[in-house]
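Pasting run_23.pdb here (PDB, C-alpha atoms):
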ATOM      1  CA  THR A 279     -29.377 -37.303-129.760  1.00  0.00           C
ATOM      2  CA  LEU A 280     -31.841 -35.531-127.523  1.00  0.00           C
ATOM      3  CA  GLN A 281     -34.857 -37.579-126.433  1.00  0.00           C
ATOM      4  CA  LEU A 282     -37.936 -35.968-124.922  1.00  0.00           C
ATOM      5  CA  ASP A 283     -40.763 -37.595-123.022  1.00  0.00           C
ATOM      6  CA  PRO A 284     -44.107 -36.450-124.501  1.00  0.00           C
ATOM      7  CA  GLU A 285     -45.463 -36.053-120.957  1.00  0.00           C
ATOM      8  CA  VAL A 286     -42.691 -33.533-120.228  1.00  0.00           C
ATOM      9  CA  LEU A 287     -43.438 -31.751-123.507  1.00  0.00           C
ATOM     10  CA  LEU A 288     -47.070 -31.316-122.482  1.00  0.00           C
ATOM     11  CA  THR A 289     -46.012 -29.498-119.281  1.00  0.00           C
ATOM     12  CA  LEU A 290     -43.789 -26.935-120.993  1.00  0.00           C
ATOM     13  CA  PRO A 291     -46.415 -24.387-122.122  1.00  0.00           C
ATOM     14  CA  GLY A 292     -47.700 -24.108-118.559  1.00  0.00           C
ATOM     15  CA  ARG A 293     -44.205 -23.734-117.175  1.00  0.00           C
ATOM     16  CA  MET A 294     -43.446 -21.075-119.758  1.00  0.00           C
ATOM     17  CA  ARG A 295     -46.649 -19.215-118.969  1.00  0.00           C
ATOM     18  CA  GLN A 296     -45.913 -19.251-115.224  1.00  0.00           C
ATOM     19  CA  ALA A 297     -42.566 -17.547-115.912  1.00  0.00           C
ATOM     20  CA  GLN A 298     -44.064 -14.777-118.075  1.00  0.00           C
ATOM     21  CA  ALA A 299     -44.169 -11.946-115.533  1.00  0.00           C
ATOM     22  CA  THR A 300     -44.588  -9.181-118.095  1.00  0.00           C
ATOM     23  CA  PHE A 301     -47.394 -11.030-119.870  1.00  0.00           C
ATOM     24  CA  ASP A 302     -49.228 -11.141-116.547  1.00  0.00           C
ATOM     25  CA  ALA A 303     -49.024  -7.370-116.331  1.00  0.00           C
ATOM     26  CA  THR A 304     -49.844  -6.567-119.966  1.00  0.00           C
ATOM     27  CA  GLY A 305     -51.532  -9.567-121.593  1.00  0.00           C
ATOM     28  CA  GLY A 306     -49.857  -8.709-124.866  1.00  0.00           C
ATOM     29  CA  LEU A 307     -46.408 -10.252-125.208  1.00  0.00           C
ATOM     30  CA  HIS A 308     -44.932 -13.236-126.965  1.00  0.00           C
ATOM     31  CA  ALA A 309     -42.352 -15.471-125.338  1.00  0.00           C
ATOM     32  CA  SER A 310     -39.621 -17.857-126.364  1.00  0.00           C
ATOM     33  CA  ALA A 311     -38.255 -20.286-123.811  1.00  0.00           C
ATOM     34  CA  ILE A 312     -35.437 -22.808-123.672  1.00  0.00           C
ATOM     35  CA  PHE A 313     -35.995 -25.950-121.606  1.00  0.00           C
ATOM     36  CA  SER A 314     -33.897 -28.991-120.811  1.00  0.00           C
ATOM     37  CA  SER A 315     -35.189 -32.394-121.854  1.00  0.00           C
ATOM     38  CA  GLN A 316     -36.262 -32.881-118.220  1.00  0.00           C
ATOM     39  CA  GLY A 317     -38.483 -29.785-118.386  1.00  0.00           C
ATOM     40  CA  GLU A 318     -36.206 -27.392-116.522  1.00  0.00           C
ATOM     41  CA  LEU A 319     -36.632 -23.792-117.669  1.00  0.00           C
ATOM     42  CA  ARG A 320     -33.214 -22.484-118.650  1.00  0.00           C
ATOM     43  CA  LEU A 321     -34.094 -19.182-120.278  1.00  0.00           C
ATOM     44  CA  LEU A 322     -37.183 -17.162-121.178  1.00  0.00           C
ATOM     45  CA  ARG A 323     -37.541 -13.850-122.931  1.00  0.00           C
ATOM     46  CA  GLU A 324     -40.651 -11.823-123.772  1.00  0.00           C
ATOM     47  CA  ASP A 325     -41.288  -9.205-126.428  1.00  0.00           C
ATOM     48  CA  VAL A 326     -44.129  -7.677-128.421  1.00  0.00           C
ATOM     49  CA  GLY A 327     -42.758  -9.524-131.458  1.00  0.00           C
ATOM     50  CA  ARG A 328     -42.306 -13.284-131.783  1.00  0.00           C
ATOM     51  CA  HIS A 329     -39.048 -12.812-133.667  1.00  0.00           C
ATOM     52  CA  ASN A 330     -37.657 -10.394-131.102  1.00  0.00           C
ATOM     53  CA  ALA A 331     -38.405 -12.789-128.241  1.00  0.00           C
ATOM     54  CA  LEU A 332     -36.407 -15.531-129.968  1.00  0.00           C
ATOM     55  CA  ASP A 333     -33.610 -13.117-130.889  1.00  0.00           C
ATOM     56  CA  LYS A 334     -33.338 -12.258-127.190  1.00  0.00           C
ATOM     57  CA  VAL A 335     -33.116 -15.934-126.207  1.00  0.00           C
ATOM     58  CA  ILE A 336     -30.462 -16.748-128.780  1.00  0.00           C
ATOM     59  CA  GLY A 337     -28.542 -13.529-128.128  1.00  0.00           C
ATOM     60  CA  SER A 338     -28.511 -14.155-124.396  1.00  0.00           C
ATOM     61  CA  SER A 339     -27.317 -17.708-125.035  1.00  0.00           C
ATOM     62  CA  LEU A 340     -24.532 -16.409-127.252  1.00  0.00           C
ATOM     63  CA  LEU A 341     -23.411 -13.840-124.690  1.00  0.00           C
ATOM     64  CA  SER A 342     -23.401 -16.431-121.896  1.00  0.00           C
ATOM     65  CA  GLY A 343     -21.429 -18.942-123.973  1.00  0.00           C
ATOM     66  CA  SER A 344     -24.314 -21.426-124.035  1.00  0.00           C
ATOM     67  CA  LEU A 345     -24.404 -21.941-127.810  1.00  0.00           C
ATOM     68  CA  PRO A 346     -24.965 -24.352-129.416  1.00  0.00           C
ATOM     69  CA  LEU A 347     -28.259 -25.364-127.788  1.00  0.00           C
ATOM     70  CA  HIS A 348     -28.191 -28.946-129.088  1.00  0.00           C
ATOM     71  CA  ASP A 349     -29.474 -30.372-125.792  1.00  0.00           C
ATOM     72  CA  CYS A 350     -32.495 -28.058-125.483  1.00  0.00           C
ATOM     73  CA  VAL A 351     -36.120 -27.673-126.444  1.00  0.00           C
ATOM     74  CA  LEU A 352     -37.449 -24.353-127.736  1.00  0.00           C
ATOM     75  CA  ILE A 353     -41.040 -23.377-126.940  1.00  0.00           C
ATOM     76  CA  LEU A 354     -42.665 -20.569-128.927  1.00  0.00           C
ATOM     77  CA  SER A 355     -45.764 -18.800-127.603  1.00  0.00           C
ATOM     78  CA  GLY A 356     -47.259 -18.284-131.060  1.00  0.00           C
ATOM     79  CA  ARG A 357     -46.869 -19.596-134.587  1.00  0.00           C
ATOM     80  CA  ALA A 358     -43.716 -21.246-135.923  1.00  0.00           C
ATOM     81  CA  SER A 359     -42.574 -19.387-139.028  1.00  0.00           C
ATOM     82  CA  PHE A 360     -39.806 -20.185-141.473  1.00  0.00           C
ATOM     83  CA  GLU A 361     -37.679 -17.389-140.010  1.00  0.00           C
ATOM     84  CA  LEU A 362     -38.015 -18.699-136.461  1.00  0.00           C
ATOM     85  CA  LEU A 363     -36.955 -22.150-137.656  1.00  0.00           C
ATOM     86  CA  GLN A 364     -33.937 -20.579-139.378  1.00  0.00           C
ATOM     87  CA  LYS A 365     -32.903 -19.041-136.072  1.00  0.00           C
ATOM     88  CA  ALA A 366     -33.418 -22.330-134.219  1.00  0.00           C
ATOM     89  CA  MET A 367     -31.315 -24.079-136.865  1.00  0.00           C
ATOM     90  CA  ALA A 368     -28.496 -21.540-136.448  1.00  0.00           C
ATOM     91  CA  ALA A 369     -28.550 -22.111-132.671  1.00  0.00           C
ATOM     92  CA  GLN A 370     -28.610 -25.903-133.269  1.00  0.00           C
ATOM     93  CA  ILE A 371     -31.847 -26.437-131.346  1.00  0.00           C
ATOM     94  CA  PRO A 372     -33.106 -29.955-132.161  1.00  0.00           C
ATOM     95  CA  ILE A 373     -36.732 -29.642-130.961  1.00  0.00           C
ATOM     96  CA  VAL A 374     -39.006 -26.660-131.611  1.00  0.00           C
ATOM     97  CA  ALA A 375     -42.554 -26.646-130.276  1.00  0.00           C
ATOM     98  CA  ALA A 376     -45.096 -23.921-130.904  1.00  0.00           C
ATOM     99  CA  ILE A 377     -48.367 -23.172-129.160  1.00  0.00           C
ATOM    100  CA  GLY A 378     -49.745 -22.222-132.573  1.00  0.00           C
ATOM    101  CA  ALA A 379     -49.447 -23.564-136.093  1.00  0.00           C
ATOM    102  CA  PRO A 380     -46.278 -23.945-138.136  1.00  0.00           C
ATOM    103  CA  SER A 381     -46.145 -22.519-141.624  1.00  0.00           C
ATOM    104  CA  THR A 382     -45.624 -24.852-144.562  1.00  0.00           C
ATOM    105  CA  LEU A 383     -42.180 -23.365-145.140  1.00  0.00           C
ATOM    106  CA  ALA A 384     -41.294 -23.946-141.478  1.00  0.00           C
ATOM    107  CA  VAL A 385     -42.283 -27.606-141.805  1.00  0.00           C
ATOM    108  CA  ASP A 386     -40.197 -27.965-144.974  1.00  0.00           C
ATOM    109  CA  LEU A 387     -37.137 -26.358-143.359  1.00  0.00           C
ATOM    110  CA  ALA A 388     -37.459 -28.418-140.183  1.00  0.00           C
ATOM    111  CA  ASP A 389     -37.676 -31.580-142.263  1.00  0.00           C
ATOM    112  CA  THR A 390     -34.635 -30.652-144.346  1.00  0.00           C
ATOM    113  CA  CYS A 391     -32.565 -29.630-141.308  1.00  0.00           C
ATOM    114  CA  GLY A 392     -33.507 -32.529-139.055  1.00  0.00           C
ATOM    115  CA  ILE A 393     -35.411 -30.461-136.493  1.00  0.00           C
ATOM    116  CA  THR A 394     -38.300 -32.046-134.626  1.00  0.00           C
ATOM    117  CA  LEU A 395     -41.183 -29.625-135.151  1.00  0.00           C
ATOM    118  CA  VAL A 396     -44.275 -29.707-132.959  1.00  0.00           C
ATOM    119  CA  GLY A 397     -47.296 -27.461-133.371  1.00  0.00           C
ATOM    120  CA  PHE A 398     -50.556 -26.799-131.561  1.00  0.00           C
ATOM    121  CA  LEU A 399     -48.941 -27.686-128.226  1.00  0.00           C
ATOM    122  CA  ARG A 400     -51.900 -26.871-126.001  1.00  0.00           C
ATOM    123  CA  ASP A 401     -54.853 -28.338-124.163  1.00  0.00           C
ATOM    124  CA  GLY A 402     -53.045 -31.595-123.478  1.00  0.00           C
ATOM    125  CA  SER A 403     -52.189 -32.477-127.077  1.00  0.00           C
ATOM    126  CA  PHE A 404     -49.862 -31.610-129.945  1.00  0.00           C
ATOM    127  CA  ASN A 405     -49.092 -32.403-133.564  1.00  0.00           C
ATOM    128  CA  VAL A 406     -45.695 -33.676-134.680  1.00  0.00           C
ATOM    129  CA  TYR A 407     -44.737 -32.470-138.149  1.00  0.00           C
ATOM    130  CA  THR A 408     -41.150 -33.638-138.587  1.00  0.00           C
ATOM    131  CA  HIS A 409     -38.596 -35.989-137.050  1.00  0.00           C
ATOM    132  CA  GLY A 410     -40.812 -37.429-134.320  1.00  0.00           C
ATOM    133  CA  GLY A 411     -38.129 -39.954-133.381  1.00  0.00           C
ATOM    134  CA  ARG A 412     -36.836 -37.594-130.696  1.00  0.00           C
ATOM    135  CA  LEU A 413     -40.058 -38.094-128.745  1.00  0.00           C
ATOM    136  CA  LYS A 414     -39.847 -41.138-126.520  1.00  0.00           C
ATOM    137  CA  THR A 415     -42.408 -43.874-126.961  1.00  0.00           C
ATOM    138  CA  ALA A 416     -43.660 -46.236-124.286  1.00  0.00           C
TER     139      ALA A 416
END
As structure tokens:
Amino acid sequence: TLQLDPEVLLTLPGRMRQAQATFDATGGLHASAIFSSQGELRLLREDVGRHNALDKVIGSSLLSGSLPLHDCVLILSGRASFELLQKAMAAQIPIVAAIGAPSTLAVDLADTCGITLVGFLRDGSFNVYTHGGRLKTA
């Protein structure tokens, strides 16, 4: 049962952004990143497409023998769609946080599958849509 400190969660977009070397050069890529519950960046991949960036993260995890990712947090640089939540579910990622908005279908799937879904993770705040019990309280 992964627990995440909200203060750590708030630092993850900045840490992801700092690791986006190709974004710095182009300004036009999405990223998906896997972090530990302590905020340690474990893996980041960039791509023009949101789905491709996540496919790269999960594929790399599969090839390295790191699946399932049940002790990790996934950060998405854009919106959280139903399809991205399906991929997170398959990789057994318990917490998914997006810089942008989640779709209604993504919220429904996260709720059904027990995934903690966070959206609008930016500017020092976020919204919790499902299973907020994984976020530590004071």
Problem set entry | Ground truth for the PyMOL selection byres ((chain A and resi 357) around 8), written as an MDAnalysis selection string | chainID A and resid 354:356 358:359 376:381 397
For this session: For Lys414 (chain A), work out the shell of residues within 10 Å, counting all atoms listed in the file and skipping chain neighbours fewer than 5 positions away, then give it as a VMD selection string.
Result: chain A and resid 280 to 285
For this session: Give the answer as one residue: which of A:Ile353, A:Ala366, A:Leu307, A:Leu347 has the shortest atom-to-atom distance to Thr289 (chain A), using all atoms listed in the file?
Result: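 With all atoms listed in the file as the atom set, the closest residue is A:Ile353.
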Can you turn the PyMOL selection byres ((chain A and resi 294) around 10) into a concrete residue list for this file, as an mmCIF file with C-alpha atoms, keeping the file's coordinate frame?
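File expr.cif, as written:
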data_model
loop_
_atom_site.group_PDB
_atom_site.id
_atom_site.type_symbol
_atom_site.label_atom_id
_atom_site.label_comp_id
_atom_site.auth_asym_id
_atom_site.auth_seq_id
_atom_site.Cartn_x
_atom_site.Cartn_y
_atom_site.Cartn_z
ATOM 1 C CA THR A 289 -46.012 -29.498 -119.281
ATOM 2 C CA LEU A 290 -43.789 -26.935 -120.993
ATOM 3 C CA PRO A 291 -46.415 -24.387 -122.122
ATOM 4 C CA GLY A 292 -47.700 -24.108 -118.559
ATOM 5 C CA ARG A 293 -44.205 -23.734 -117.175
ATOM 6 C CA ARG A 295 -46.649 -19.215 -118.969
ATOM 7 C CA GLN A 296 -45.913 -19.251 -115.224
ATOM 8 C CA ALA A 297 -42.566 -17.547 -115.912
ATOM 9 C CA GLN A 298 -44.064 -14.777 -118.075
ATOM 10 C CA ALA A 309 -42.352 -15.471 -125.338
ATOM 11 C CA SER A 310 -39.621 -17.857 -126.364
ATOM 12 C CA ALA A 311 -38.255 -20.286 -123.811
ATOM 13 C CA ILE A 312 -35.437 -22.808 -123.672
ATOM 14 C CA PHE A 313 -35.995 -25.950 -121.606
ATOM 15 C CA LEU A 319 -36.632 -23.792 -117.669
ATOM 16 C CA LEU A 321 -34.094 -19.182 -120.278
ATOM 17 C CA LEU A 322 -37.183 -17.162 -121.178
ATOM 18 C CA ARG A 323 -37.541 -13.850 -122.931
ATOM 19 C CA ILE A 353 -41.040 -23.377 -126.940
ATOM 20 C CA LEU A 354 -42.665 -20.569 -128.927
ATOM 21 C CA SER A 355 -45.764 -18.800 -127.603
#
Exercise. Rounded to one decimal in Å, what is the spacing between CA of Glu324 (chain A) and CA of Phe398 (chain A)?
Worked result: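 We find that CA of Glu324 (chain A) and CA of Phe398 (chain A) lie 19.6 Å from each other.
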For this session: With the file shown as input, list the residues that the PyMOL selection byres ((chain A and resi 360) around 12) selects, as a ChimeraX atom specification.
Result: /A:329,357-359,361-367,374,379-389,391,395
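Here CA of Ala299 (chain A) is placed at a distance of 21.4 Å from CA of Leu287 (chain A).
Relative to CA of Ser315 (chain A), CA of Ala368 (chain A) is found at 19.4 Å.
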Counting only C-alpha atoms, I want the residues whose atoms come within 8 Å of (-25.1, -21.8, -131.2) in the file frame, returned as a PDB file with C-alpha atoms, keeping the file's coordinate frame.
ATOM      1  CA  ILE A 336     -30.462 -16.748-128.780  1.00  0.00           C
ATOM      2  CA  SER A 339     -27.317 -17.708-125.035  1.00  0.00           C
ATOM      3  CA  LEU A 340     -24.532 -16.409-127.252  1.00  0.00           C
ATOM      4  CA  SER A 344     -24.314 -21.426-124.035  1.00  0.00           C
ATOM      5  CA  LEU A 345     -24.404 -21.941-127.810  1.00  0.00           C
ATOM      6  CA  PRO A 346     -24.965 -24.352-129.416  1.00  0.00           C
ATOM      7  CA  LEU A 347     -28.259 -25.364-127.788  1.00  0.00           C
ATOM      8  CA  ALA A 368     -28.496 -21.540-136.448  1.00  0.00           C
ATOM      9  CA  ALA A 369     -28.550 -22.111-132.671  1.00  0.00           C
ATOM     10  CA  GLN A 370     -28.610 -25.903-133.269  1.00  0.00           C
TER      11      GLN A 370
END
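For the set A:Cys350, A:Val286, A:Thr279, A:Asp325, the residue with the smallest atom-to-atom gap to Gly402 (chain A) is A:Val286, counting all atoms listed in the file.
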Seminar exercise, completed: Among A:Ser342, A:Arg412, A:His308, A:Asn405, Arg328 (chain A) is approached most closely, using all atoms listed in the file, by A:His308
Please reconstruct the missing atoms of region 372-404 of chain A (target: N, CA and C atoms) and return them as a CSV table (one decimal), keeping the file's coordinate frame.
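For reference, out32.csv as written:
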chain,number,residue,atom,x,y,z
A,372,PRO,N,-32.6,-28.8,-131.5
A,372,PRO,CA,-33.1,-30.0,-132.2
A,372,PRO,C,-34.6,-30.1,-132.1
A,373,ILE,N,-35.3,-29.5,-131.1
A,373,ILE,CA,-36.7,-29.6,-131.0
A,373,ILE,C,-37.3,-28.3,-130.8
A,374,VAL,N,-38.3,-27.9,-131.7
A,374,VAL,CA,-39.0,-26.7,-131.6
A,374,VAL,C,-40.5,-27.0,-131.5
A,375,ALA,N,-41.1,-26.4,-130.5
A,375,ALA,CA,-42.6,-26.6,-130.3
A,375,ALA,C,-43.3,-25.3,-130.2
A,376,ALA,N,-44.3,-25.2,-130.9
A,376,ALA,CA,-45.1,-23.9,-130.9
A,376,ALA,C,-46.5,-24.1,-130.4
A,377,ILE,N,-47.0,-23.1,-129.7
A,377,ILE,CA,-48.4,-23.2,-129.2
A,377,ILE,C,-49.3,-23.1,-130.3
A,378,GLY,N,-48.9,-22.4,-131.4
A,378,GLY,CA,-49.7,-22.2,-132.6
A,378,GLY,C,-49.3,-23.1,-133.7
A,379,ALA,N,-49.7,-22.8,-134.9
A,379,ALA,CA,-49.4,-23.6,-136.1
A,379,ALA,C,-48.1,-23.3,-136.7
A,380,PRO,N,-47.5,-24.2,-137.3
A,380,PRO,CA,-46.3,-23.9,-138.1
A,380,PRO,C,-46.7,-23.6,-139.6
A,381,SER,N,-45.9,-22.8,-140.2
A,381,SER,CA,-46.1,-22.5,-141.6
A,381,SER,C,-45.6,-23.7,-142.4
A,382,THR,N,-46.1,-23.8,-143.7
A,382,THR,CA,-45.6,-24.9,-144.6
A,382,THR,C,-44.1,-24.7,-144.8
A,383,LEU,N,-43.6,-23.5,-145.0
A,383,LEU,CA,-42.2,-23.4,-145.1
A,383,LEU,C,-41.4,-23.8,-143.9
A,384,ALA,N,-41.9,-23.5,-142.7
A,384,ALA,CA,-41.3,-23.9,-141.5
A,384,ALA,C,-41.2,-25.5,-141.4
A,385,VAL,N,-42.3,-26.1,-141.8
A,385,VAL,CA,-42.3,-27.6,-141.8
A,385,VAL,C,-41.2,-28.1,-142.8
A,386,ASP,N,-41.2,-27.5,-144.0
A,386,ASP,CA,-40.2,-28.0,-145.0
A,386,ASP,C,-38.8,-27.8,-144.5
A,387,LEU,N,-38.5,-26.6,-143.9
A,387,LEU,CA,-37.1,-26.4,-143.4
A,387,LEU,C,-36.8,-27.3,-142.2
A,388,ALA,N,-37.7,-27.5,-141.3
A,388,ALA,CA,-37.5,-28.4,-140.2
A,388,ALA,C,-37.2,-29.8,-140.7
A,389,ASP,N,-37.9,-30.3,-141.7
A,389,ASP,CA,-37.7,-31.6,-142.3
A,389,ASP,C,-36.3,-31.7,-142.9
A,390,THR,N,-35.9,-30.7,-143.7
A,390,THR,CA,-34.6,-30.7,-144.3
A,390,THR,C,-33.5,-30.6,-143.4
A,391,CYS,N,-33.7,-29.8,-142.3
A,391,CYS,CA,-32.6,-29.6,-141.3
A,391,CYS,C,-32.5,-30.6,-140.2
A,392,GLY,N,-33.5,-31.5,-140.1
A,392,GLY,CA,-33.5,-32.5,-139.1
A,392,GLY,C,-34.0,-32.0,-137.7
A,393,ILE,N,-34.8,-31.0,-137.7
A,393,ILE,CA,-35.4,-30.5,-136.5
A,393,ILE,C,-36.8,-31.1,-136.2
A,394,THR,N,-37.0,-31.6,-135.0
A,394,THR,CA,-38.3,-32.0,-134.6
A,394,THR,C,-39.2,-30.8,-134.4
A,395,LEU,N,-40.3,-30.8,-135.2
A,395,LEU,CA,-41.2,-29.6,-135.2
A,395,LEU,C,-42.5,-30.1,-134.7
A,396,VAL,N,-43.0,-29.4,-133.6
A,396,VAL,CA,-44.3,-29.7,-133.0
A,396,VAL,C,-45.1,-28.4,-133.0
A,397,GLY,N,-46.4,-28.6,-133.3
A,397,GLY,CA,-47.3,-27.5,-133.4
A,397,GLY,C,-48.5,-27.7,-132.6
A,398,PHE,N,-49.3,-26.7,-132.3
A,398,PHE,CA,-50.6,-26.8,-131.6
A,398,PHE,C,-50.3,-27.5,-130.2
A,399,LEU,N,-49.3,-27.1,-129.5
A,399,LEU,CA,-48.9,-27.7,-128.2
A,399,LEU,C,-49.8,-27.0,-127.2
A,400,ARG,N,-51.0,-27.5,-127.0
A,400,ARG,CA,-51.9,-26.9,-126.0
A,400,ARG,C,-53.0,-27.8,-125.7
A,401,ASP,N,-53.7,-27.6,-124.6
A,401,ASP,CA,-54.9,-28.3,-124.2
A,401,ASP,C,-54.6,-29.8,-124.1
A,402,GLY,N,-53.4,-30.2,-123.7
A,402,GLY,CA,-53.0,-31.6,-123.5
A,402,GLY,C,-52.8,-32.4,-124.7
A,403,SER,N,-52.5,-31.7,-125.9
A,403,SER,CA,-52.2,-32.5,-127.1
A,403,SER,C,-51.2,-31.7,-127.9
A,404,PHE,N,-50.8,-32.3,-129.0
A,404,PHE,CA,-49.9,-31.6,-129.9
A,404,PHE,C,-49.8,-32.4,-131.2
